[in-house]
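Colleague: Pasting start12.txt below, which is compact mmCIF, C-alpha atoms.
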# COMPACT_ATOMS: atom_id res chain seq x y z
CA MET Z 211 93.09 119.50 83.28
CA SER Z 212 90.26 121.95 83.44
CA ASP Z 213 88.44 120.63 80.45
CA PRO Z 214 89.11 116.95 80.41
CA ARG Z 215 86.61 116.11 77.70
CA PRO Z 216 88.31 114.85 74.59
CA VAL Z 217 87.17 116.81 71.61
CA SER Z 218 83.94 115.34 70.41
CA GLN Z 219 84.68 113.31 67.35
CA SER Z 220 81.30 113.63 65.80
CA ASP Z 221 79.74 117.04 65.94
CA GLN Z 222 76.63 116.40 63.92
CA PRO Z 223 74.66 117.72 65.73
CA ALA Z 224 77.81 117.79 67.78
CA GLY Z 225 78.49 115.95 70.91
CA SER Z 226 78.20 112.26 70.22
CA PRO Z 227 80.68 110.38 72.36
CA THR Z 228 84.18 109.57 71.29
CA ASP Z 229 85.01 106.01 70.41
CA PRO Z 230 85.65 104.42 73.84
CA ALA Z 231 88.57 102.49 72.45
CA LEU Z 232 90.29 105.72 71.59
CA ARG Z 233 89.26 107.77 74.59
CA GLY Z 234 92.10 109.01 76.70
CA ARG Z 235 94.71 107.72 74.36
CA ARG Z 236 97.66 110.06 74.22
CA VAL Z 237 100.34 110.20 71.67
CA GLY Z 238 103.88 111.09 72.68
CA ALA Z 239 104.22 114.71 73.72
CA PRO Z 240 106.43 116.86 71.51
CA ALA Z 241 109.30 118.95 72.84
CA VAL Z 242 108.29 121.72 75.25
CA SER Z 243 107.39 124.78 73.23
CA GLN Z 244 107.88 128.41 74.17
CA ASP Z 245 104.16 128.75 74.77
CA THR Z 246 104.21 125.81 77.11
CA GLU Z 247 107.06 127.37 79.06
CA LEU Z 248 105.15 130.63 79.19
CA ALA Z 249 102.03 128.86 80.42
CA VAL Z 250 104.06 127.19 83.18
CA GLU Z 251 105.48 130.58 84.13
CA ILE Z 252 102.00 132.06 84.29
CA ARG Z 253 100.85 129.19 86.46
CA GLY Z 254 103.73 129.92 88.84
CA LEU Z 255 102.85 133.61 88.97
CA VAL Z 256 99.23 132.83 89.72
CA GLU Z 257 100.23 130.41 92.45
CA ARG Z 258 102.44 133.06 94.03
CA GLY Z 259 99.60 135.55 93.88
CA GLU Z 260 101.24 137.81 91.31
CA ALA Z 261 98.05 138.24 89.37
CA GLU Z 262 99.05 141.44 87.61
CA ARG Z 263 102.21 139.95 86.13
CA ALA Z 264 100.38 136.75 85.27
CA ARG Z 265 97.84 138.74 83.27
CA GLU Z 266 100.59 140.62 81.46
CA LYS Z 267 102.29 137.38 80.50
CA PHE Z 268 99.00 135.86 79.51
CA SER Z 269 98.35 138.67 77.06
CA GLU Z 270 101.44 137.48 75.19
CA LEU Z 271 99.90 134.05 74.88
CA VAL Z 272 96.66 135.59 73.70
CA ALA Z 273 98.43 137.61 71.05
CA SER Z 274 100.32 134.62 69.69
CA HIS Z 275 97.30 132.27 69.52
CA GLN Z 276 94.48 134.65 68.80
CA ARG Z 277 94.48 134.68 65.01
CA ARG Z 278 94.77 130.95 64.65
CA ALA Z 279 92.07 130.44 67.27
CA LEU Z 280 89.76 132.82 65.44
CA ARG Z 281 90.40 131.03 62.16
CA ILE Z 282 89.42 127.70 63.68
CA ALA Z 283 86.43 129.07 65.55
CA TYR Z 284 85.14 130.99 62.56
CA GLN Z 285 85.45 128.01 60.23
CA TYR Z 286 83.59 125.94 62.80
CA LEU Z 287 80.83 128.40 63.58
CA ARG Z 288 80.63 130.53 60.42
CA ASP Z 289 79.54 133.47 62.56
CA ALA Z 290 82.00 136.21 63.44
CA ALA Z 291 80.32 137.25 66.69
CA GLU Z 292 80.04 133.71 67.93
CA ALA Z 293 83.61 132.93 66.93
CA ASP Z 294 84.76 136.03 68.80
CA GLU Z 295 82.90 134.91 71.93
CA ALA Z 296 84.13 131.34 71.63
CA VAL Z 297 87.74 132.48 71.44
CA GLN Z 298 87.30 134.87 74.37
CA ASP Z 299 85.67 132.15 76.44
CA ALA Z 300 88.47 129.73 75.65
CA PHE Z 301 91.17 132.18 76.75
CA VAL Z 302 89.30 133.12 79.90
CA LYS Z 303 88.77 129.47 80.71
CA VAL Z 304 92.44 128.73 80.16
CA PHE Z 305 93.48 131.52 82.51
CA GLY Z 306 90.91 130.51 85.08
CA HIS Z 307 92.22 126.95 85.11
CA ILE Z 308 95.89 127.64 84.58
CA GLY Z 309 96.56 126.16 88.00
CA SER Z 310 95.56 122.76 86.74
CA TYR Z 311 97.71 122.98 83.61
CA ARG Z 312 100.45 120.36 83.33
CA GLU Z 313 103.34 120.73 80.95
CA ALA Z 314 102.98 117.11 79.87
CA TRP Z 315 100.48 118.62 77.44
CA PRO Z 316 101.76 121.24 75.03
CA PHE Z 317 99.92 124.47 75.69
CA GLU Z 318 98.68 124.64 72.08
CA VAL Z 319 97.08 121.25 72.43
CA TRP Z 320 95.45 122.11 75.74
CA PHE Z 321 94.16 125.43 74.48
CA THR Z 322 92.94 124.08 71.15
CA ARG Z 323 91.12 121.31 72.91
CA ILE Z 324 89.28 123.79 75.12
CA LEU Z 325 88.51 125.97 72.12
CA ILE Z 326 87.16 123.11 70.02
CA ASN Z 327 84.99 121.84 72.85
CA GLY Z 328 83.57 125.34 73.24
CA CYS Z 329 82.86 125.53 69.51
CA LEU Z 330 81.16 122.14 69.53
CA ASP Z 331 78.99 123.22 72.48
CA ARG Z 332 78.02 126.33 70.59
CA ARG Z 333 77.14 124.34 67.50
CA LYS Z 334 74.99 122.10 69.61
CA ALA Z 335 73.28 125.07 71.25
CA ARG Z 336 72.71 126.63 67.86
CA ALA Z 337 71.15 123.44 66.51
CA ARG Z 338 68.73 123.52 69.47
CA ARG Z 339 67.95 127.19 68.89
CA ASP Z 340 67.36 126.68 65.20
CA ARG Z 341 64.87 123.97 66.03
CA TRP Z 342 62.67 126.09 68.25
CA PHE Z 343 63.18 129.70 67.21
CA ALA Z 344 62.95 131.56 63.96
CA PRO Z 345 66.37 132.92 62.97
CA ALA Z 346 66.70 136.62 63.81
CA GLU Z 347 69.19 137.48 61.11
CA ASP Z 348 71.41 135.68 58.70
CA ALA Z 349 74.88 135.41 60.23
CA SER Z 350 76.59 135.71 56.88
CA GLY Z 351 74.82 139.03 56.35
CA LEU Z 352 76.14 140.33 59.65
CA ASP Z 353 79.62 139.13 58.82
CA GLU Z 354 79.38 140.84 55.46
CA ALA Z 355 78.43 144.05 57.24
CA ARG Z 356 81.35 143.60 59.60
CA TYR Z 357 83.64 143.03 56.69
CA ALA Z 358 82.33 146.11 54.92
CA ALA Z 359 82.77 148.19 58.07
CA ALA Z 360 86.37 147.01 58.26
CA GLY Z 361 87.03 148.56 54.87
CA GLY Z 362 86.75 145.43 52.76
CA ALA Z 363 83.97 147.04 50.75
CA ASP Z 364 86.58 149.02 48.83
CA ARG Z 365 87.36 145.91 46.84
CA ASP Z 366 85.84 145.26 43.45
CA PRO Z 367 82.18 144.25 44.07
CA GLU Z 368 82.38 141.47 41.50
CA ALA Z 369 85.48 140.02 43.11
CA ARG Z 370 83.76 140.26 46.48
CA LEU Z 371 80.71 138.46 45.19
CA LEU Z 372 82.79 135.72 43.63
CA ALA Z 373 84.85 135.32 46.78
CA ARG Z 374 81.69 135.12 48.85
CA GLU Z 375 80.22 132.44 46.61
CA ARG Z 376 83.44 130.49 46.70
CA ARG Z 377 83.55 130.65 50.49
CA GLU Z 378 79.95 129.64 50.83
CA ARG Z 379 80.59 126.62 48.63
CA LEU Z 380 83.63 125.73 50.67
CA ALA Z 381 81.76 126.14 53.95
CA ALA Z 382 78.91 123.98 52.65
CA ALA Z 383 81.38 121.32 51.53
CA ILE Z 384 83.13 121.31 54.92
CA ASP Z 385 79.76 121.09 56.61
CA ARG Z 386 79.05 117.93 54.65
CA LEU Z 387 82.09 116.20 56.06
CA ASP Z 388 81.70 113.58 58.71
CA GLY Z 389 82.15 115.03 62.22
CA ARG Z 390 85.55 113.44 62.80
CA GLN Z 391 86.80 114.30 59.35
CA ARG Z 392 85.71 117.88 59.83
CA THR Z 393 87.44 118.23 63.18
CA VAL Z 394 90.66 116.68 61.91
CA PHE Z 395 90.61 118.74 58.74
CA MET Z 396 89.95 121.98 60.62
CA LEU Z 397 92.73 121.38 63.11
CA CYS Z 398 95.30 120.25 60.55
CA HIS Z 399 94.50 122.60 57.79
CA TYR Z 400 93.20 125.73 59.46
CA GLY Z 401 94.78 125.27 62.86
CA ASP Z 402 98.20 124.39 61.45
CA ARG Z 403 98.42 121.34 63.67
CA THR Z 404 100.39 118.26 62.72
CA PRO Z 405 98.59 114.88 62.70
CA ARG Z 406 100.43 114.07 65.91
CA GLU Z 407 99.13 117.17 67.65
CA VAL Z 408 95.64 116.55 66.33
CA SER Z 409 95.93 113.05 67.70
CA ALA Z 410 96.73 114.52 71.12
CA ILE Z 411 93.85 117.00 70.88
CA THR Z 412 91.25 114.56 69.74
CA GLY Z 413 92.41 111.41 71.47
CA LEU Z 414 92.45 109.60 68.13
CA ASN Z 415 95.27 107.39 66.96
CA GLU Z 416 97.71 109.28 64.76
CA SER Z 417 97.23 106.94 61.82
CA THR Z 418 93.46 107.36 62.22
CA VAL Z 419 93.96 111.10 62.06
CA ARG Z 420 95.89 110.73 58.84
CA VAL Z 421 93.17 108.55 57.33
CA HIS Z 422 90.47 111.06 58.32
CA LEU Z 423 92.49 113.89 56.91
CA PHE Z 424 93.00 112.13 53.60
CA ARG Z 425 89.33 111.21 53.33
CA ALA Z 426 88.27 114.75 54.18
CA ALA Z 427 90.55 116.16 51.48
CA ARG Z 428 89.32 113.62 48.94
CA LYS Z 429 85.70 114.40 49.70
CA LEU Z 430 86.29 118.12 49.52
CA ARG Z 431 87.98 117.75 46.15
CA SER Z 432 85.05 115.79 44.80
CA LEU Z 433 82.52 118.27 46.26
CA LEU Z 434 84.33 121.35 45.08
CA GLY Z 435 84.95 120.12 41.60
CA GLY Z 436 88.62 119.21 41.98
CA LYS Z 437 89.87 115.77 41.05
CA SER Z 438 89.93 113.07 43.69
CA MET W 156 111.52 92.58 31.15
CA ILE W 157 111.46 95.90 32.94
CA GLY W 158 108.11 96.64 34.52
CA ARG W 159 106.53 100.06 34.16
CA PRO W 160 106.85 102.06 37.36
CA ARG W 161 103.47 102.19 39.08
CA HIS W 162 102.08 105.62 39.87
CA LEU W 163 101.63 106.76 43.43
CA HIS W 164 98.21 106.30 44.94
CA ASP W 165 96.28 109.34 46.09
CA ASP W 166 96.81 108.48 49.74
CA ARG W 167 100.59 108.29 49.24
CA LEU W 168 100.56 111.59 47.44
CA PHE W 169 98.57 113.08 50.28
CA GLU W 170 101.02 111.67 52.81
CA CYS W 171 103.79 113.41 50.94
CA TYR W 172 101.87 116.66 51.07
CA VAL W 173 101.18 116.38 54.80
CA ALA W 174 104.81 115.50 55.52
CA GLU W 175 106.14 118.36 53.45
CA ARG W 176 103.77 120.80 55.02
CA GLY W 177 104.52 119.66 58.54
CA GLY W 178 108.25 119.97 57.92
CA GLU W 179 108.71 116.22 58.15
CA ARG W 180 110.86 114.09 55.91
CA VAL W 181 108.99 112.83 52.86
CA ASP W 182 109.09 109.06 52.38
CA PRO W 183 112.26 108.59 50.20
CA PRO W 184 110.81 106.13 47.64
CA ALA W 185 107.83 108.40 47.13
CA ALA W 186 110.08 111.44 46.84
CA ASP W 187 112.22 109.65 44.26
CA HIS W 188 109.17 108.66 42.30
CA LEU W 189 107.84 112.19 42.32
CA ALA W 190 111.15 113.41 41.01
CA ASP W 191 111.07 110.93 38.13
CA CYS W 192 107.39 110.67 37.20
CA ALA W 193 105.91 113.66 35.44
CA ASP W 194 102.34 112.42 35.85
CA CYS W 195 102.62 111.97 39.59
CA SER W 196 104.47 115.24 39.92
CA ALA W 197 101.63 116.98 38.07
CA ARG W 198 99.07 115.29 40.31
CA TYR W 199 101.04 116.29 43.33
CA GLY W 200 101.18 119.89 42.15
CA GLU W 201 97.45 119.86 41.59
CA LEU W 202 96.79 118.46 45.05
CA THR W 203 99.07 121.03 46.64
CA ARG W 204 97.41 123.88 44.79
CA PHE W 205 93.97 122.70 45.83
CA MET W 206 94.89 122.33 49.48
CA GLU W 207 96.77 125.60 49.63
CA GLY W 208 93.87 127.29 47.89
CA LEU W 209 91.54 126.15 50.65
CA ARG W 210 93.89 127.41 53.30
CA THR W 211 94.50 130.75 51.63
CA GLU W 212 90.80 131.27 51.14
CA ALA W 213 90.06 130.58 54.80
CA GLU W 214 92.91 132.78 56.00
CA GLN W 215 91.85 135.66 53.77
CA GLU W 216 88.27 135.36 54.90
CA THR W 217 89.19 135.39 58.58
CA ASP W 218 91.67 138.23 58.15
CA GLU W 219 89.09 140.32 56.35
CA ILE W 220 86.54 139.83 59.12
CA PHE W 221 88.90 140.04 62.07
CA THR W 222 91.00 143.08 61.37
CA PRO W 223 93.98 144.09 63.54
CA GLU W 224 91.72 146.61 65.26
CA GLN W 225 89.26 143.89 66.14
CA LEU W 226 92.02 141.65 67.38
CA ARG W 227 93.17 144.46 69.65
CA LEU W 228 89.62 144.95 70.93
CA GLN W 229 89.32 141.27 71.60
CA GLN W 230 92.57 141.30 73.56
CA GLN W 231 91.19 144.14 75.68
CA HIS W 232 87.97 142.22 76.30
CA ILE W 233 89.91 139.16 77.35
CA SER W 234 92.11 141.23 79.68
CA ARG W 235 89.07 142.83 81.25
CA ARG W 236 87.37 139.48 81.72
CA ILE W 237 90.37 137.81 83.34
CA GLU W 238 90.80 140.81 85.63
CA HIS W 239 87.39 140.06 87.08
CA LEU W 240 87.98 136.35 87.37
CA GLY W 241 89.12 136.48 90.98
CA HIS W 242 86.36 138.79 92.12
CA PRO W 243 82.98 137.33 92.85
CA ALA W 244 80.07 139.02 91.14
CA ARG W 245 78.59 141.94 93.10
CA VAL W 246 75.02 141.32 94.19
CA LEU W 247 72.75 144.33 94.02
CA SER W 248 70.27 144.62 96.88
CA PHE W 249 66.77 145.24 95.72
CA PRO W 250 63.86 146.35 97.96
CA ALA W 251 62.32 142.91 97.84
CA ARG W 252 65.52 141.43 99.12
CA MET W 253 65.70 144.05 101.87
CA VAL W 254 62.16 143.29 103.00
CA ARG W 255 63.01 139.62 103.10
CA LYS W 256 66.07 140.50 105.16
CA HIS W 257 63.84 141.60 108.07
CA PHE W 258 62.65 138.09 108.47
CA SER W 259 65.61 136.22 109.77
CA SER W 260 65.79 132.47 109.49
CA SER W 261 64.18 132.11 112.94
CA THR W 262 61.35 134.59 112.35
CA GLY W 263 60.93 133.76 108.69
CA ARG W 264 58.60 130.89 109.48
CA LEU W 265 56.88 132.56 112.45
CA ALA W 266 55.72 135.64 110.57
CA PRO W 267 53.37 133.85 108.20
CA ARG W 268 51.96 131.85 111.11
CA TRP W 269 51.18 135.03 113.04
CA ALA W 270 49.61 136.54 109.98
CA ALA W 271 47.46 133.47 109.42
CA ALA W 272 46.41 133.36 113.09
CA ALA W 273 45.48 137.07 113.08
CA ALA W 274 43.49 136.66 109.89
CA ALA W 275 41.62 133.68 111.31
CA ALA W 276 40.88 135.53 114.56
CA GLY W 277 39.66 138.58 112.65
CA LEU W 278 37.37 136.45 110.53
CA PHE W 279 35.95 134.70 113.58
CA VAL W 280 35.29 137.97 115.43
CA GLY W 281 33.79 139.53 112.32
CA VAL W 282 31.39 136.65 111.75
CA GLY W 283 30.38 136.69 115.44
CA VAL W 284 29.71 140.42 115.49
CA GLY W 285 27.83 140.17 112.23
CA ILE W 286 25.54 137.45 113.54
CA PHE W 287 24.95 139.41 116.76
CA PHE W 288 23.95 142.63 114.99
CA ASP W 289 21.84 140.80 112.46
CA SER W 290 19.80 139.12 115.22
CA ARG W 291 19.43 142.47 117.06
CA SER W 292 18.20 144.28 113.97
CA ARG W 293 15.63 141.54 113.41
CA VAL W 294 14.34 142.06 116.96
CA MET W 295 14.20 145.85 116.47
CA ALA W 296 12.55 145.74 113.03
CA PRO W 297 8.84 145.39 114.14
CA VAL W 298 9.23 148.40 116.45
CA VAL W 299 10.42 150.59 113.56
CA ALA W 300 7.61 149.30 111.37
CA THR W 301 4.99 150.30 113.87
CA VAL W 302 6.43 153.81 114.14
CA SER W 303 6.41 154.51 110.39
CA SER W 304 3.16 154.90 108.51
CA PRO W 305 2.10 152.26 106.05
CA ARG W 306 2.76 153.25 102.49
CA PRO W 307 0.29 152.68 99.70
CA VAL W 308 0.60 149.44 97.84
CA GLY W 309 2.24 149.64 94.42
CA ILE W 310 4.34 152.73 95.13
CA PRO W 311 8.04 152.17 95.60
CA ALA W 312 9.47 153.09 98.99
CA ALA W 313 11.76 155.73 97.49
CA LEU W 314 8.85 157.57 95.93
CA ALA W 315 6.53 157.11 98.82
CA ALA W 316 8.76 158.69 101.45
CA PRO W 317 8.47 162.41 100.41
CA ILE W 318 4.69 162.11 99.97
CA PHE W 319 4.25 161.32 103.60
CA ASP W 320 6.86 163.68 105.01
CA ASP W 321 6.59 167.16 103.47
CA ASP W 322 4.08 166.62 100.77
CA ASP W 323 2.46 170.03 100.82
CA ALA W 324 5.66 172.00 101.07
CA PHE W 325 7.20 170.01 98.23
CA LEU W 326 4.16 170.52 95.93
CA SER W 327 3.92 174.19 96.65
CA GLU W 328 7.54 174.58 95.85
CA ILE W 329 7.01 172.88 92.52
CA GLU W 330 4.06 175.07 91.69
CA ALA W 331 6.03 178.18 92.55
CA VAL W 332 8.88 177.16 90.26
CA VAL W 333 6.57 176.17 87.44
CA GLY W 334 4.69 179.45 87.69
CA GLY W 335 7.90 181.44 87.42
CA PRO W 336 8.59 183.76 84.47
CA HIS W 337 11.29 181.61 82.87
CA ASN W 338 9.34 178.37 82.86
CA LEU W 339 6.35 179.30 80.73
CA GLU W 340 7.88 177.63 77.68
CA LEU W 341 8.13 174.38 79.60
CA LEU W 342 4.47 174.29 80.59
CA PRO W 343 3.31 172.37 77.49
CA PHE W 344 5.84 169.66 78.33
CA ASP W 345 4.69 169.66 81.90
CA THR W 346 1.08 169.11 80.86
CA LEU W 347 2.11 166.20 78.67
CA THR W 348 4.06 164.55 81.50
CA PRO W 349 1.93 162.02 83.35
CA ARG W 350 1.57 162.44 87.09
CA ILE W 351 2.49 159.68 89.47
CA ARG W 352 -0.95 159.53 90.96
CA GLU W 353 -2.51 159.13 87.55
CA ILE W 354 -0.17 156.21 86.85
CA SER W 355 -0.73 154.53 90.20
CA SER W 356 -4.54 154.84 90.00
CA ARG W 357 -4.76 153.69 86.37
CA PRO W 358 -5.27 149.94 85.91
CA LEU W 359 -2.42 148.15 84.16
CA ARG W 360 -2.99 147.39 80.49
CA TYR W 361 -1.15 144.74 78.61
As structure tokens - that is how I would like this structure written.
Modeller:
Amino acid sequence: MSDPRPVSQSDQPAGSPTDPALRGRRVGAPAVSQDTELAVEIRGLVERGEAERAREKFSELVASHQRRALRIAYQYLRDAAEADEAVQDAFVKVFGHIGSYREAWPFEVWFTRILINGCLDRRKARARRDRWFAPAEDASGLDEARYAAAGGADRDPEARLLARERRERLAAAIDRLDGRQRTVFMLCHYGDRTPREVSAITGLNESTVRVHLFRAARKLRSLLGGKS
Amino acid sequence: MIGRPRHLHDDRLFECYVAERGGERVDPPAADHLADCADCSARYGELTRFMEGLRTEAEQETDEIFTPEQLRLQQQHISRRIEHLGHPARVLSFPARMVRKHFSSSTGRLAPRWAAAAAAAGLFVGVGVGIFFDSRSRVMAPVVATVSSPRPVGIPAALAAPIFDDDDAFLSEIEAVVGGPHNLELLPFDTLTPRIREISSRPLRY
């Protein structure tokens, strides 16, 4: 595996080690998915030196995982440019290390793990930057500009403002979650991963994942004004 | 006595939600309870709405920022980057690097040694020659002094030199210029200007 680190369970400020008792623990692999088969095919093409065909096939993988990856990365980083880079880096890393990919791991799990580790590294780097340098520009402002450039500015300004406030509240609430809870919540809820898959990604026990997910949801409901 | 059915705890409700969402089978007793209990069903509905609201919000936000056009651009960037994965980065040769190239690994250490040796030799020769000429000029100095005339005390050497060389010619030239037609206006200033002899002969006053 090219990126053998288990996803850091606590990312505040991101990077504290995983519980040793849980490290390396793997939960039963699900049935081989289409993406996994495709990844194995790409690995074969690369090994045979058919780089051009491997790249073509890989673009299919990119297309099928890109949106979900961006959703996870953006919710983690809250910065469109950084999320874009993180997703690009993850795909490039996956292709660069496709030779070491083993189908025992579903491709989605392998890829998501690489992506999350990249996001956590970026969060850590950002925390360091914020400590020593004055911020150049507010990321949310840039994202707003990006959104406006994409044509979203046509919407009712009041609705836009309300949506922005709602999203800021949600982001702040997610940021207040414990590192493990946040990771589990992001992967399950935004990454559409089942607790079993999240268990494989994070190295946590499946029942622990379920507990973290429940606690994250309960905390978010209490922070966002919903009942708990 | 028939006991009142207990309501589902929040964690059981959440388990039901996770199972339903993941396409798994919901725990049958919990499913039965939800079907019978209006309160729990309402709570479940509320939980589902809240969770789905979070998801929808996040999806909308991401979709608004990352439009299909941007997704396409990102795919192109990724393709371009993986195309260059196999190729090592090209190193541009700069002049400094080219200069360094002349010194191979064997001569790289010799060149500075030669330079240092040449500099040391030059310094040594320079100091030697300097000492030699300095001692010679000291030996020659009394001879020169005897040839030149002694200058009056109190007059700087720079001012004294023309007095002894071409004194008369110099003064006559000055008088000719001063007596010229265009210099009459300057004569009052000339009379006010003290002469060097007057200054040198006058005793110093403090």
Colleague: Per residue of chain W within 10 Å of chain Z, what are the shortest atom pair and its distance in Å to one decimal, counting only C-alpha atoms, with rows by chain and residue number, as CSV?
Modeller:
residue,atom,partner,partner_atom,distance
W:Asp165,CA,Z:Ser438,CA,7.7
W:Asp166,CA,Z:Phe424,CA,6.5
W:Arg167,CA,Z:Phe424,CA,9.6
W:Leu168,CA,Z:Phe424,CA,9.8
W:Phe169,CA,Z:Phe424,CA,6.6
W:Glu170,CA,Z:Arg420,CA,8.0
W:Val173,CA,Z:Thr404,CA,8.2
W:Ala174,CA,Z:Thr404,CA,8.9
W:Arg176,CA,Z:Thr404,CA,8.8
W:Gly177,CA,Z:Thr404,CA,6.0
W:Gly178,CA,Z:Thr404,CA,9.4
W:Glu179,CA,Z:Thr404,CA,9.7
W:Arg198,CA,Z:Lys437,CA,9.2
W:Glu201,CA,Z:Lys437,CA,8.6
W:Leu202,CA,Z:Lys437,CA,8.4
W:Phe205,CA,Z:Gly436,CA,7.5
W:Met206,CA,Z:Ala427,CA,7.8
W:Glu207,CA,Z:His399,CA,9.0
W:Leu209,CA,Z:Leu380,CA,7.9
W:Arg210,CA,Z:Tyr400,CA,6.4
W:Thr211,CA,Z:Tyr400,CA,9.4
W:Glu212,CA,Z:Arg377,CA,7.3
W:Ala213,CA,Z:Arg281,CA,7.4
W:Glu214,CA,Z:Arg281,CA,6.9
W:Gln215,CA,Z:Arg281,CA,9.7
W:Glu216,CA,Z:Arg377,CA,8.0
W:Thr217,CA,Z:Arg281,CA,5.8
W:Asp218,CA,Z:Arg277,CA,8.2
W:Glu219,CA,Z:Tyr357,CA,6.1
W:Ile220,CA,Z:Tyr357,CA,5.0
W:Phe221,CA,Z:Ala290,CA,8.0
W:Thr222,CA,Z:Ala360,CA,6.8
W:Pro223,CA,Z:Arg277,CA,9.5
W:Glu224,CA,Z:Ala360,CA,8.8
W:Gln225,CA,Z:Ala360,CA,9.0
W:Leu226,CA,Z:Gln276,CA,7.6
W:Arg227,CA,Z:Ala273,CA,8.7
W:Gln229,CA,Z:Gln298,CA,7.3
W:Gln230,CA,Z:Val272,CA,7.0
W:Gln231,CA,Z:Ser269,CA,9.1
W:His232,CA,Z:Gln298,CA,7.6
W:Ile233,CA,Z:Gln298,CA,5.8
W:Ser234,CA,Z:Arg265,CA,7.2
W:Arg235,CA,Z:Val302,CA,9.8
W:Arg236,CA,Z:Val302,CA,6.9
W:Ile237,CA,Z:Val302,CA,5.9
W:Glu238,CA,Z:Arg265,CA,7.7
W:Leu240,CA,Z:Gly306,CA,6.9
W:Gly241,CA,Z:Gly306,CA,8.6
Colleague: Please compute the CA of Thr322 (chain Z)-CA of Glu260 (chain Z) distance, one decimal, in Å.
Modeller: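 About the pair CA of Thr322 (chain Z) and CA of Glu260 (chain Z): they are 25.8 Å apart.
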Colleague: What does the structure give for the distance between CA of Asp245 (chain Z) and CA of Ser409 (chain Z), in Å to one decimal?
Modeller: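 Between CA of Asp245 (chain Z) and CA of Ser409 (chain Z) the gap works out to 19.1 Å.
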Colleague: Compile the contact shell of Glu251 (chain Z) as a ChimeraX atom specification: residues with an atom at most 9 Å away, counting all atoms listed in the file, same-chain residues fewer than 4 positions apart removed.
Modeller: /Z:246-247,255-256,264,267
Colleague: Between CA of Tyr286 (chain Z) and CA of Arg333 (chain Z), what is the spacing in Å?
Modeller: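 Atom-to-atom, CA of Arg333 (chain Z) to CA of Tyr286 (chain Z), that is 8.1 Å.
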Colleague: Could the centre and edge lengths of an axis-aligned box, enclosing all atoms of region 314-318 of chain Z in the file with 3 Å extra on each side, be given in Å to one decimal as AutoDock Vina command-line options?
Modeller:
--center_x 100.8 --center_y 120.9 --center_z 76.0 --size_x 10.3 --size_y 13.5 --size_z 13.8
Colleague: Please list as a PDB file with C-alpha atoms, in the frame of the given file every residue within 8 Å of Gly328 (chain Z), counting all atoms listed in the file and excluding residues in the same chain fewer than 3 positions away.
Modeller:
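Result file out11.pdb:
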ATOM      1  CA  ALA Z 296      84.130 131.340  71.630  1.00  0.00           C
ATOM      2  CA  ASP Z 299      85.670 132.150  76.440  1.00  0.00           C
ATOM      3  CA  ALA Z 300      88.470 129.730  75.650  1.00  0.00           C
ATOM      4  CA  ILE Z 324      89.280 123.790  75.120  1.00  0.00           C
ATOM      5  CA  LEU Z 325      88.510 125.970  72.120  1.00  0.00           C
ATOM      6  CA  ASP Z 331      78.990 123.220  72.480  1.00  0.00           C
ATOM      7  CA  ARG Z 332      78.020 126.330  70.590  1.00  0.00           C
TER       8      ARG Z 332
END
